[in-house]
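Okay, upload.txt is below, compact mmCIF, C-alpha atoms and all ligand atoms:
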# COMPACT_ATOMS: atom_id res chain seq x y z
CA MET A 1 -22.26 0.66 24.01
CA SER A 2 -20.78 -2.76 24.64
CA LEU A 3 -17.49 -3.60 23.00
CA ALA A 4 -16.25 -7.16 22.49
CA ILE A 5 -12.66 -6.64 23.57
CA GLN A 6 -10.53 -9.78 23.39
CA GLU A 7 -7.20 -10.36 25.12
CA GLN A 8 -3.92 -11.84 23.88
CA VAL A 9 -5.01 -12.20 20.28
CA SER A 10 -2.63 -13.55 17.63
CA LEU A 11 -2.32 -11.10 14.74
CA ARG A 12 -1.08 -13.72 12.27
CA ALA A 13 -4.33 -13.64 10.29
CA TYR A 14 -4.41 -9.83 10.32
CA ASN A 15 -1.11 -9.05 8.55
CA THR A 16 -0.25 -10.25 5.05
CA LEU A 17 3.34 -10.96 6.13
CA ALA A 18 1.74 -13.59 8.43
CA VAL A 19 3.96 -12.69 11.37
CA ASP A 20 2.74 -14.27 14.58
CA VAL A 21 2.77 -11.61 17.29
CA ARG A 22 0.16 -11.03 19.96
CA ALA A 23 -1.91 -7.97 20.73
CA ARG A 24 -2.70 -7.47 24.40
CA PHE A 25 -6.19 -6.28 23.46
CA PHE A 26 -8.14 -6.55 20.21
CA VAL A 27 -11.51 -5.23 19.10
CA ALA A 28 -13.33 -5.10 15.75
CA VAL A 29 -15.39 -1.96 15.04
CA ASP A 30 -17.89 -1.39 12.23
CA SER A 31 -19.13 2.14 12.92
CA LEU A 32 -17.86 5.55 13.99
CA GLU A 33 -19.67 5.13 17.33
CA GLN A 34 -17.86 1.85 18.01
CA LEU A 35 -14.56 3.41 17.00
CA GLN A 36 -15.11 6.29 19.43
CA ALA A 37 -16.07 3.87 22.19
CA ALA A 38 -12.91 1.80 21.57
CA LEU A 39 -10.71 4.90 21.60
CA LEU A 40 -12.34 6.06 24.83
CA TRP A 41 -11.80 2.64 26.41
CA ALA A 42 -8.10 2.77 25.49
CA GLN A 43 -7.82 6.28 26.90
CA GLN A 44 -9.41 5.17 30.18
CA GLN A 45 -7.01 2.21 30.41
CA ASP A 46 -4.14 4.52 29.46
CA ILE A 47 -3.14 2.19 26.68
CA ALA A 48 -1.96 2.96 23.15
CA VAL A 49 -3.93 1.90 20.09
CA LEU A 50 -3.11 0.53 16.67
CA LEU A 51 -5.65 1.10 13.92
CA LEU A 52 -5.58 -1.89 11.62
CA GLY A 53 -7.16 -2.35 8.18
CA GLY A 54 -6.07 -5.11 5.83
CA GLY A 55 -2.60 -5.30 7.42
CA SER A 56 -0.98 -5.42 3.99
CA ASN A 57 1.66 -2.76 4.57
CA LEU A 58 2.86 -3.69 8.00
CA VAL A 59 5.84 -5.36 9.66
CA LEU A 60 5.05 -6.44 13.22
CA ALA A 61 8.37 -6.78 14.98
CA ALA A 62 7.24 -7.70 18.53
CA ASP A 63 4.16 -8.40 20.68
CA LEU A 64 2.07 -5.27 21.01
CA ASP A 65 1.18 -3.97 24.45
CA LEU A 66 -1.80 -2.02 23.16
CA LEU A 67 -5.34 -2.18 21.82
CA VAL A 68 -5.62 -3.19 18.17
CA ILE A 69 -8.74 -1.68 16.63
CA HIS A 70 -9.67 -3.61 13.50
CA LEU A 71 -11.64 -1.32 11.19
CA GLN A 72 -14.54 -3.13 9.55
CA LEU A 73 -16.69 -0.26 8.27
CA ARG A 74 -18.41 -1.49 5.09
CA GLY A 75 -20.48 -0.06 2.26
CA ILE A 76 -20.23 1.55 -1.19
CA GLN A 77 -22.53 4.42 -2.15
CA VAL A 78 -22.98 6.47 -5.33
CA LEU A 79 -23.22 10.05 -4.03
CA ASP A 80 -24.07 11.72 -7.32
CA GLU A 81 -23.30 11.47 -11.00
CA ASP A 82 -23.61 13.31 -14.29
CA ALA A 83 -22.88 12.39 -17.89
CA ASN A 84 -19.12 12.36 -17.30
CA PHE A 85 -18.38 11.43 -13.69
CA ALA A 86 -19.71 9.60 -10.67
CA ARG A 87 -18.76 10.37 -7.09
CA ILE A 88 -18.52 7.22 -5.00
CA GLU A 89 -18.10 6.99 -1.24
CA VAL A 90 -16.46 3.79 -0.03
CA GLN A 91 -16.18 2.81 3.63
CA ALA A 92 -12.68 2.13 4.93
CA GLY A 93 -13.14 -1.60 5.60
CA GLU A 94 -14.01 -2.53 2.00
CA ASN A 95 -11.47 -4.68 0.19
CA TRP A 96 -9.57 -2.52 -2.32
CA HIS A 97 -9.53 -4.96 -5.24
CA ASP A 98 -13.21 -5.84 -4.82
CA PHE A 99 -14.04 -2.12 -4.94
CA VAL A 100 -11.93 -1.67 -8.11
CA GLN A 101 -13.82 -4.55 -9.74
CA TRP A 102 -17.15 -3.09 -8.59
CA SER A 103 -16.29 0.31 -10.14
CA LEU A 104 -15.32 -1.29 -13.46
CA ALA A 105 -18.57 -3.30 -13.50
CA GLN A 106 -20.48 0.00 -13.11
CA GLY A 107 -18.80 1.29 -16.28
CA LEU A 108 -16.52 3.62 -14.31
CA SER A 109 -12.84 3.81 -15.09
CA GLY A 110 -9.67 5.20 -13.54
CA LEU A 111 -8.78 2.49 -11.05
CA GLU A 112 -7.98 -0.33 -13.50
CA ASN A 113 -4.18 0.10 -13.19
CA LEU A 114 -4.53 -0.32 -9.42
CA SER A 115 -6.15 -3.76 -9.67
CA LEU A 116 -5.09 -6.53 -7.31
CA ILE A 117 -3.33 -4.30 -4.77
CA PRO A 118 -3.90 -6.01 -1.42
CA GLY A 119 -5.47 -4.23 1.53
CA HIS A 120 -8.49 -2.15 2.45
CA VAL A 121 -9.81 1.06 0.92
CA GLY A 122 -9.07 2.97 4.13
CA ALA A 123 -5.37 2.19 3.88
CA ALA A 124 -5.05 3.19 0.23
CA PRO A 125 -4.64 6.95 0.86
CA VAL A 126 -2.07 6.43 3.63
CA GLN A 127 0.70 5.47 1.25
CA ASN A 128 -1.06 6.85 -1.86
CA ILE A 129 -0.98 3.40 -3.46
CA GLY A 130 0.36 3.34 -6.98
CA ALA A 131 1.07 0.92 -9.80
CA TYR A 132 1.52 0.89 -13.59
CA GLY A 133 1.64 4.65 -13.96
CA ALA A 134 -1.41 5.44 -11.80
CA GLU A 135 -1.77 6.57 -8.21
CA LEU A 136 -4.71 6.73 -5.85
CA GLN A 137 -4.54 10.53 -5.81
CA ASP A 138 -5.46 10.68 -9.53
CA TYR A 139 -9.12 9.84 -8.71
CA PHE A 140 -9.31 10.71 -5.03
CA GLU A 141 -11.69 13.55 -4.19
CA SER A 142 -11.82 13.67 -0.38
CA ALA A 143 -11.95 11.50 2.72
CA TRP A 144 -13.93 11.42 5.92
CA VAL A 145 -11.55 10.95 8.82
CA TYR A 146 -11.84 10.88 12.58
CA ASP A 147 -9.34 13.29 14.07
CA ARG A 148 -8.18 11.87 17.39
CA GLN A 149 -6.77 15.22 18.46
CA THR A 150 -9.98 17.24 18.05
CA GLN A 151 -12.15 14.13 18.60
CA GLN A 152 -14.27 15.16 15.62
CA PRO A 153 -15.01 13.67 12.22
CA GLN A 154 -13.61 15.88 9.48
CA ARG A 155 -13.67 15.91 5.71
CA LEU A 156 -10.25 16.37 4.11
CA THR A 157 -9.80 17.53 0.53
CA LYS A 158 -7.18 16.12 -1.78
CA ALA A 159 -4.91 19.14 -1.24
CA GLN A 160 -5.16 18.73 2.53
CA CYS A 161 -4.04 15.10 2.23
CA GLN A 162 -0.67 16.21 0.76
CA PHE A 163 -0.19 13.21 -1.49
CA ALA A 164 3.25 12.37 -2.86
CA TYR A 165 4.99 9.17 -4.03
CA ARG A 166 4.03 6.54 -1.43
CA ASP A 167 3.35 9.35 1.02
CA SER A 168 0.56 11.48 2.49
CA LEU A 169 -0.48 13.52 5.51
CA PHE A 170 -1.70 10.27 7.08
CA LYS A 171 1.78 8.77 6.90
CA ARG A 172 3.51 11.96 8.04
CA GLU A 173 1.21 12.48 11.01
CA SER A 174 0.83 8.78 11.65
CA GLY A 175 -1.81 7.77 14.18
CA ARG A 176 -3.63 11.10 14.40
CA ARG A 177 -6.42 10.48 11.89
CA VAL A 178 -8.50 7.39 11.28
CA ILE A 179 -9.79 7.14 7.71
CA LEU A 180 -13.50 6.32 7.81
CA SER A 181 -14.41 6.54 4.14
CA VAL A 182 -12.91 7.67 0.86
CA ILE A 183 -14.73 9.59 -1.88
CA PHE A 184 -13.61 8.99 -5.45
CA LYS A 185 -14.52 10.94 -8.58
CA LEU A 186 -14.45 8.39 -11.39
CA PRO A 187 -14.84 9.15 -15.09
CA LYS A 188 -17.36 7.38 -17.29
CA GLN A 189 -15.15 7.80 -20.36
CA ALA A 190 -12.06 5.65 -20.27
CA ASP A 191 -8.77 7.52 -20.01
CA LEU A 192 -6.31 4.65 -20.18
CA ARG A 193 -2.68 4.78 -19.09
CA LEU A 194 -0.80 2.07 -20.93
CA ASP A 195 2.72 3.45 -21.09
CA TYR A 196 4.10 1.91 -17.96
CA GLY A 197 6.02 -1.34 -17.82
CA ASP A 198 4.73 -4.30 -19.76
CA LEU A 199 1.13 -3.15 -20.11
CA ARG A 200 1.06 -2.25 -23.79
CA GLY A 201 3.20 -5.27 -24.69
CA TYR A 202 0.91 -7.61 -22.79
CA LEU A 203 -2.22 -6.23 -24.50
CA ALA A 204 -0.57 -6.50 -27.94
CA GLN A 205 0.37 -10.08 -27.19
CA GLN A 206 -3.28 -10.79 -26.36
CA GLN A 207 -4.19 -9.10 -29.68
CA ILE A 208 -6.31 -6.49 -27.91
CA SER A 209 -5.98 -3.36 -30.05
CA ALA A 210 -8.73 -1.19 -28.49
CA PRO A 211 -8.61 -2.13 -24.80
CA THR A 212 -11.42 -1.35 -22.35
CA PRO A 213 -10.71 -0.53 -18.69
CA GLN A 214 -11.70 -4.14 -17.90
CA ASP A 215 -9.08 -5.42 -20.38
CA VAL A 216 -6.46 -3.23 -18.70
CA SER A 217 -7.50 -4.53 -15.31
CA ARG A 218 -7.14 -8.13 -16.50
CA ALA A 219 -3.72 -7.30 -17.96
CA VAL A 220 -2.57 -5.69 -14.70
CA CYS A 221 -3.79 -8.73 -12.74
CA ALA A 222 -1.88 -11.08 -15.06
CA ILE A 223 1.33 -9.03 -14.94
CA ARG A 224 1.17 -8.64 -11.15
CA ALA A 225 0.49 -12.35 -10.68
CA GLU A 226 3.65 -13.17 -12.62
CA LYS A 227 5.95 -11.14 -10.37
CA LEU A 228 4.19 -10.41 -7.10
CA PRO A 229 3.30 -13.29 -4.81
CA ASP A 230 -0.33 -13.62 -3.70
CA PRO A 231 -0.18 -13.08 0.10
CA GLN A 232 -2.64 -15.98 0.53
CA GLN A 233 -0.07 -18.32 -1.04
CA LEU A 234 3.20 -16.73 0.07
CA ALA A 235 3.11 -14.16 2.85
CA ASN A 236 4.50 -10.74 1.89
CA THR A 237 3.88 -7.05 2.18
CA GLY A 238 4.38 -5.92 -1.43
CA SER A 239 7.37 -3.75 -2.22
CA PHE A 240 9.55 -3.77 0.85
CA PHE A 241 11.59 -0.72 -0.18
CA LYS A 242 10.71 2.54 -1.88
CA ASN A 243 12.37 3.26 -5.19
CA PRO A 244 15.21 5.62 -4.15
CA VAL A 245 15.58 9.09 -5.61
CA VAL A 246 19.16 10.29 -6.16
CA SER A 247 20.81 13.30 -7.78
CA ALA A 248 21.25 13.30 -11.55
CA GLU A 249 25.07 13.22 -11.05
CA HIS A 250 24.86 10.18 -8.82
CA ALA A 251 22.63 8.39 -11.34
CA GLU A 252 25.04 9.29 -14.15
CA GLN A 253 28.03 7.88 -12.23
CA LEU A 254 26.11 4.67 -11.57
CA LYS A 255 25.05 4.46 -15.21
CA GLN A 256 28.70 4.54 -16.28
CA ARG A 257 29.51 1.65 -13.99
CA TYR A 258 26.26 -0.21 -14.66
CA PRO A 259 25.04 0.61 -18.20
CA LYS A 260 21.82 -1.38 -17.67
CA LEU A 261 20.82 0.58 -14.56
CA VAL A 262 17.05 1.21 -14.53
CA CYS A 263 16.41 4.86 -13.75
CA PHE A 264 13.73 7.44 -14.50
CA ALA A 265 14.30 11.21 -14.69
CA GLN A 266 12.02 13.09 -12.27
CA ALA A 267 10.34 16.44 -12.90
CA ASP A 268 12.67 18.09 -10.35
CA GLY A 269 15.82 16.94 -12.18
CA GLN A 270 16.62 14.06 -9.82
CA SER A 271 16.54 10.39 -10.83
CA LYS A 272 14.43 7.57 -9.43
CA LEU A 273 16.20 4.21 -9.43
CA ALA A 274 14.46 0.83 -9.52
CA ALA A 275 15.26 -0.65 -6.11
CA GLY A 276 14.27 -4.08 -7.45
CA TRP A 277 16.95 -3.83 -10.12
CA LEU A 278 19.65 -2.77 -7.63
CA ILE A 279 18.81 -5.61 -5.26
CA ASP A 280 18.54 -8.12 -8.09
CA GLN A 281 21.93 -7.09 -9.55
CA ALA A 282 23.49 -7.41 -6.11
CA GLY A 283 22.52 -11.09 -6.20
CA TRP A 284 19.79 -11.16 -3.57
CA LYS A 285 16.89 -12.40 -5.67
CA GLY A 286 15.70 -15.77 -4.39
CA HIS A 287 18.01 -15.59 -1.36
CA ARG A 288 16.56 -17.32 1.71
CA GLN A 289 17.54 -17.14 5.38
CA GLY A 290 15.44 -19.56 7.40
CA ASP A 291 11.86 -18.62 6.57
CA ALA A 292 12.68 -15.04 5.53
CA GLY A 293 13.47 -14.55 1.87
CA VAL A 294 13.77 -12.32 -1.15
CA HIS A 295 11.07 -13.30 -3.65
CA ALA A 296 12.48 -15.34 -6.53
CA LYS A 297 10.60 -13.37 -9.19
CA GLN A 298 10.80 -9.82 -7.81
CA ALA A 299 13.73 -8.70 -5.68
CA LEU A 300 11.78 -5.79 -4.18
CA VAL A 301 9.50 -8.14 -2.25
CA LEU A 302 10.50 -9.89 0.98
CA VAL A 303 8.54 -13.01 1.82
CA ASN A 304 7.77 -15.18 4.83
CA TYR A 305 7.92 -18.88 3.95
CA GLY A 306 6.22 -19.87 7.20
CA THR A 307 7.52 -19.01 10.61
CA ALA A 308 9.73 -15.96 10.04
CA SER A 309 9.33 -13.28 12.69
CA GLY A 310 9.17 -9.57 11.97
CA GLN A 311 12.73 -9.39 13.33
CA ASP A 312 13.92 -12.05 10.86
CA ILE A 313 12.46 -10.04 7.99
CA LEU A 314 13.98 -6.79 9.29
CA GLN A 315 17.39 -8.42 9.74
CA LEU A 316 17.34 -9.56 6.13
CA ALA A 317 16.22 -6.07 5.08
CA ALA A 318 19.11 -4.50 7.04
CA GLN A 319 21.63 -6.76 5.29
CA ILE A 320 20.22 -5.77 1.91
CA GLN A 321 20.30 -2.07 2.85
CA ALA A 322 23.95 -2.32 3.95
CA ASP A 323 24.94 -4.13 0.77
CA ILE A 324 23.14 -1.62 -1.49
CA ARG A 325 24.74 1.27 0.42
CA GLU A 326 28.19 -0.25 -0.04
CA ARG A 327 27.79 -1.18 -3.71
CA TYR A 328 25.94 1.82 -5.06
CA GLY A 329 26.08 4.49 -2.33
CA VAL A 330 22.27 4.39 -2.28
CA GLU A 331 20.07 4.44 0.84
CA LEU A 332 17.04 2.15 0.63
CA GLU A 333 14.08 3.22 2.70
CA ILE A 334 11.70 0.58 4.06
CA GLU A 335 8.24 1.08 2.56
CA PRO A 336 5.81 -0.67 4.98
CA ASN A 337 5.18 0.60 8.49
CA VAL A 338 7.30 -1.12 11.13
CA LEU A 339 5.74 -1.62 14.58
CA GLY A 340 6.90 -3.10 17.86
N1 LIG B 1 13.70 -5.22 -11.76
C1 LIG B 1 14.72 -6.14 -11.85
N2 LIG B 1 14.74 -7.18 -10.98
C2 LIG B 1 13.80 -7.34 -10.02
C3 LIG B 1 12.76 -6.40 -9.91
C4 LIG B 1 12.74 -5.34 -10.80
O1 LIG B 1 15.59 -6.03 -12.70
O2 LIG B 1 13.90 -8.30 -9.27
C5 LIG B 1 13.64 -4.14 -12.73
C6 LIG B 1 12.49 -4.39 -13.69
O3 LIG B 1 12.88 -5.15 -14.80
C7 LIG B 1 12.12 -3.01 -14.11
C8 LIG B 1 12.42 -2.18 -12.88
O4 LIG B 1 13.32 -2.94 -12.08
O5 LIG B 1 12.93 -2.56 -15.17
C9 LIG B 1 11.19 -1.81 -12.11
O6 LIG B 1 10.50 -2.99 -11.72
P1 LIG B 1 8.89 -3.11 -11.73
O7 LIG B 1 8.35 -2.56 -12.99
O8 LIG B 1 8.56 -4.47 -11.32
O9 LIG B 1 8.38 -2.06 -10.68
P2 LIG B 1 8.99 -1.59 -9.32
O10 LIG B 1 9.59 -0.25 -9.48
O11 LIG B 1 9.87 -2.67 -8.83
C10 LIG B 1 6.81 -0.38 -8.52
C11 LIG B 1 5.99 -0.33 -7.26
C12 LIG B 1 5.05 -1.53 -7.17
C13 LIG B 1 4.16 -1.53 -8.40
C14 LIG B 1 5.07 -1.61 -9.64
C15 LIG B 1 4.30 -1.55 -10.93
C16 LIG B 1 7.35 0.83 -5.60
C17 LIG B 1 8.19 0.72 -4.39
N3 LIG B 1 6.86 -0.31 -6.09
O12 LIG B 1 7.67 -1.51 -8.40
O13 LIG B 1 4.23 -1.34 -6.01
O14 LIG B 1 3.26 -2.63 -8.39
O15 LIG B 1 5.97 -0.47 -9.64
O16 LIG B 1 3.84 -0.25 -11.11
O17 LIG B 1 7.14 1.94 -6.11
C18 LIG B 1 4.00 -1.88 -3.70
O18 LIG B 1 4.11 -0.68 -3.46
O19 LIG B 1 3.82 -2.72 -2.77
C19 LIG B 1 4.09 -2.35 -5.07
C20 LIG B 1 4.05 -3.64 -5.37

Encoded form using structure tokens:
Amino acid sequence: MSLAIQEQVSLRAYNTLAVDVRARFFVAVDSLEQLQAALLWAQQQDIAVLLLGGGSNLVLAADLDLLVIHLQLRGIQVLDEDANFARIEVQAGENWHDFVQWSLAQGLSGLENLSLIPGHVGAAPVQNIGAYGAELQDYFESAWVYDRQTQQPQRLTKAQCQFAYRDSLFKRESGRRVILSVIFKLPKQADLRLDYGDLRGYLAQQQISAPTPQDVSRAVCAIRAEKLPDPQQLANTGSFFKNPVVSAEHAEQLKQRYPKLVCFAQADGQSKLAAGWLIDQAGWKGHRQGDAGVHAKQALVLVNYGTASGQDILQLAAQIQADIRERYGVELEIEPNVLG
């Protein structure tokens, strides 16, 4: 099998933070056979690989002395359906938002709260994408992966994927498995989740009293567009930090000092704080250092105004982390994957 391997390729167009680093080698693959051939080539050259999808959750901090494999497997297939559910298999290289819109157009629901999240379907399980009270794992059934250790394709169940908040087996054992396709079990009857954030308020304002999944999707798109920059217009990688979880005592102490602190009690008794609120209150919102900045409408998002490097972004992130540690005694963990 012939592979079109390119050399010294700029990755600027392949990461939504629009950081301009070079990959020593680059190849696009659209089948399992091509993926295997590319992995074999890298093994023969004794060179590391980076599996790349939509590049929407990535900070590239330096040129990469490796082979970037850009996953372009495409296709959506209805596996089976009954009166209540349909099982849909989606190839990893499909655009996430386009797939969500496709599912809604088929009369399937479940994914409406996850509208407009950037990136590819194959990346969605890695960080168990979530928004507006829904997570990928709610409708995930299984995934076909290629296990680089056993060199075999394997089907993983939901339990095997070990999903948690912005976390999964794929993130914990990073690099071992390549997600080839994801199988969703989507309900035909709407089961809407409207309790999170501004969703209900937005729908009421639009005078929509009995919303459909499509209405919820439109509401999510509108709310996201207000706060989260479109990577095509202003380069970014979504939330740059995870929302930190602290002990109930710690949250209580902070609440006494900052009565408006945004925090949510967790099932295990701990408290999840809104990192965006902490960063905003510390005065960082809209702050700009060269071309690296904190988004003016959402302090959780770091943006690249043009020529910021991954290092510039990480330096800004480190300053924010140090300030948040000092002010609140809270450790902020970087959410996207950092490479190089
Ligand atoms: N807040 C501020 N100032 C800010 C940002 C937020 O005061 O600059 C406050 C908000 O007013 C709100 C609270 O902090 O009371 C939480 O903010 P928001 O509802 O915007 O959500 P988030 O916790 O900041 C999370 C996800 C987003 C997801 C939204 C909506 C994480 C790390 N982020 O953000 O996910 O879209 O909820 O569900 O969990 C992503 O992962 O890339 C992402 C965008």

Between range 159-236 of chain A and range 240-250 of chain A, at 10 Å or less, what are the per-residue closest atom pairs and their distances in Å? Count only C-alpha atoms, order by chain and rising residue number, and return it as a tab-separated table.
residue	atom	partner	partner_atom	distance
A:Tyr165	CA	A:Lys242	CA	9.0
A:Arg166	CA	A:Lys242	CA	7.8
A:Asn236	CA	A:Phe240	CA	8.7

Distance query Gln137 in chain A at most 8 Å, all atoms listed in the file, self and fewer than 4 positions along chain excluded, as a JSON list (two decimals) with C-alpha atoms, in the frame of the given file:
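This is the output file out-v7.json:
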[["chain", "number", "residue", "atom", "x", "y", "z"],
["A", 125, "PRO", "CA", -4.64, 6.95, 0.86],
["A", 128, "ASN", "CA", -1.06, 6.85, -1.86],
["A", 141, "GLU", "CA", -11.69, 13.55, -4.19],
["A", 158, "LYS", "CA", -7.18, 16.12, -1.78],
["A", 163, "PHE", "CA", -0.19, 13.21, -1.49]]

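Residue neighbourhood of range 10-21 of chain A, excluding near-sequence residues (fewer than 4 positions): A:Gly54, A:Gly55, A:Ser56, A:Asn57, A:Leu58, A:Val59, A:Leu60, A:Ala61, A:Ala62, A:Asp63, A:Leu64, A:Pro231, A:Gln232, A:Ala235, A:Asn236, A:Thr237, A:Val303, A:Asn304, A:Gly306, A:Thr307, A:Ala308, A:Ser309, A:Gly310, at 8 Å, using all atoms listed in the file.
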
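The protein and nucleic acid residues lying at most 10 Å from range 70-72 of chain A are Tyr14, Phe26, Val27, Ala28, Val29, Asp30, Ser31, Leu32, Gln34, Leu35, Leu50, Leu51, Leu52, Gly53, Gly54, Gly55, Gln91, Ala92, Gly93, Glu94, Asn95, His120, Gly122, Val178, Ile179 and Leu180 of chain A, with all atoms listed in the file considered and sequence neighbours fewer than 5 positions away removed.
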
For those residues, write C-alpha atoms to a file as a PDB file, keeping the file's coordinate frame.
ATOM      1  CA  TYR A  14      -4.410  -9.830  10.320  1.00  0.00           C
ATOM      2  CA  PHE A  26      -8.140  -6.550  20.210  1.00  0.00           C
ATOM      3  CA  VAL A  27     -11.510  -5.230  19.100  1.00  0.00           C
ATOM      4  CA  ALA A  28     -13.330  -5.100  15.750  1.00  0.00           C
ATOM      5  CA  VAL A  29     -15.390  -1.960  15.040  1.00  0.00           C
ATOM      6  CA  ASP A  30     -17.890  -1.390  12.230  1.00  0.00           C
ATOM      7  CA  SER A  31     -19.130   2.140  12.920  1.00  0.00           C
ATOM      8  CA  LEU A  32     -17.860   5.550  13.990  1.00  0.00           C
ATOM      9  CA  GLN A  34     -17.860   1.850  18.010  1.00  0.00           C
ATOM     10  CA  LEU A  35     -14.560   3.410  17.000  1.00  0.00           C
ATOM     11  CA  LEU A  50      -3.110   0.530  16.670  1.00  0.00           C
ATOM     12  CA  LEU A  51      -5.650   1.100  13.920  1.00  0.00           C
ATOM     13  CA  LEU A  52      -5.580  -1.890  11.620  1.00  0.00           C
ATOM     14  CA  GLY A  53      -7.160  -2.350   8.180  1.00  0.00           C
ATOM     15  CA  GLY A  54      -6.070  -5.110   5.830  1.00  0.00           C
ATOM     16  CA  GLY A  55      -2.600  -5.300   7.420  1.00  0.00           C
ATOM     17  CA  GLN A  91     -16.180   2.810   3.630  1.00  0.00           C
ATOM     18  CA  ALA A  92     -12.680   2.130   4.930  1.00  0.00           C
ATOM     19  CA  GLY A  93     -13.140  -1.600   5.600  1.00  0.00           C
ATOM     20  CA  GLU A  94     -14.010  -2.530   2.000  1.00  0.00           C
ATOM     21  CA  ASN A  95     -11.470  -4.680   0.190  1.00  0.00           C
ATOM     22  CA  HIS A 120      -8.490  -2.150   2.450  1.00  0.00           C
ATOM     23  CA  GLY A 122      -9.070   2.970   4.130  1.00  0.00           C
ATOM     24  CA  VAL A 178      -8.500   7.390  11.280  1.00  0.00           C
ATOM     25  CA  ILE A 179      -9.790   7.140   7.710  1.00  0.00           C
ATOM     26  CA  LEU A 180     -13.500   6.320   7.810  1.00  0.00           C
TER      27      LEU A 180
END

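Restricting the atom set to all atoms listed in the file, one finds that the residues within 6 Å of ligand LIG 1 (chain B) amount to Ala131, Tyr132, Gly197, Gly238, Ser239, Phe241, Lys242, Asn243, Val262, Ala274, Gly276, Trp277, Asp280, Gln298, Ala299 and Leu300 of chain A.
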
May I have the protein, DNA and RNA residues with any atom at most 8 Å from the point (-17.0, 5.7, -16.3), counting all atoms listed in the file, written as a PDB file with C-alpha atoms, in the coordinates of the input?
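Done, and the output landed in out34.pdb:
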ATOM      1  CA  ASN A  84     -19.120  12.360 -17.300  1.00  0.00           C
ATOM      2  CA  PHE A  85     -18.380  11.430 -13.690  1.00  0.00           C
ATOM      3  CA  ALA A  86     -19.710   9.600 -10.670  1.00  0.00           C
ATOM      4  CA  LEU A 104     -15.320  -1.290 -13.460  1.00  0.00           C
ATOM      5  CA  GLN A 106     -20.480   0.000 -13.110  1.00  0.00           C
ATOM      6  CA  GLY A 107     -18.800   1.290 -16.280  1.00  0.00           C
ATOM      7  CA  LEU A 108     -16.520   3.620 -14.310  1.00  0.00           C
ATOM      8  CA  SER A 109     -12.840   3.810 -15.090  1.00  0.00           C
ATOM      9  CA  GLY A 110      -9.670   5.200 -13.540  1.00  0.00           C
ATOM     10  CA  LEU A 186     -14.450   8.390 -11.390  1.00  0.00           C
ATOM     11  CA  PRO A 187     -14.840   9.150 -15.090  1.00  0.00           C
ATOM     12  CA  LYS A 188     -17.360   7.380 -17.290  1.00  0.00           C
ATOM     13  CA  GLN A 189     -15.150   7.800 -20.360  1.00  0.00           C
ATOM     14  CA  ALA A 190     -12.060   5.650 -20.270  1.00  0.00           C
TER      15      ALA A 190
END
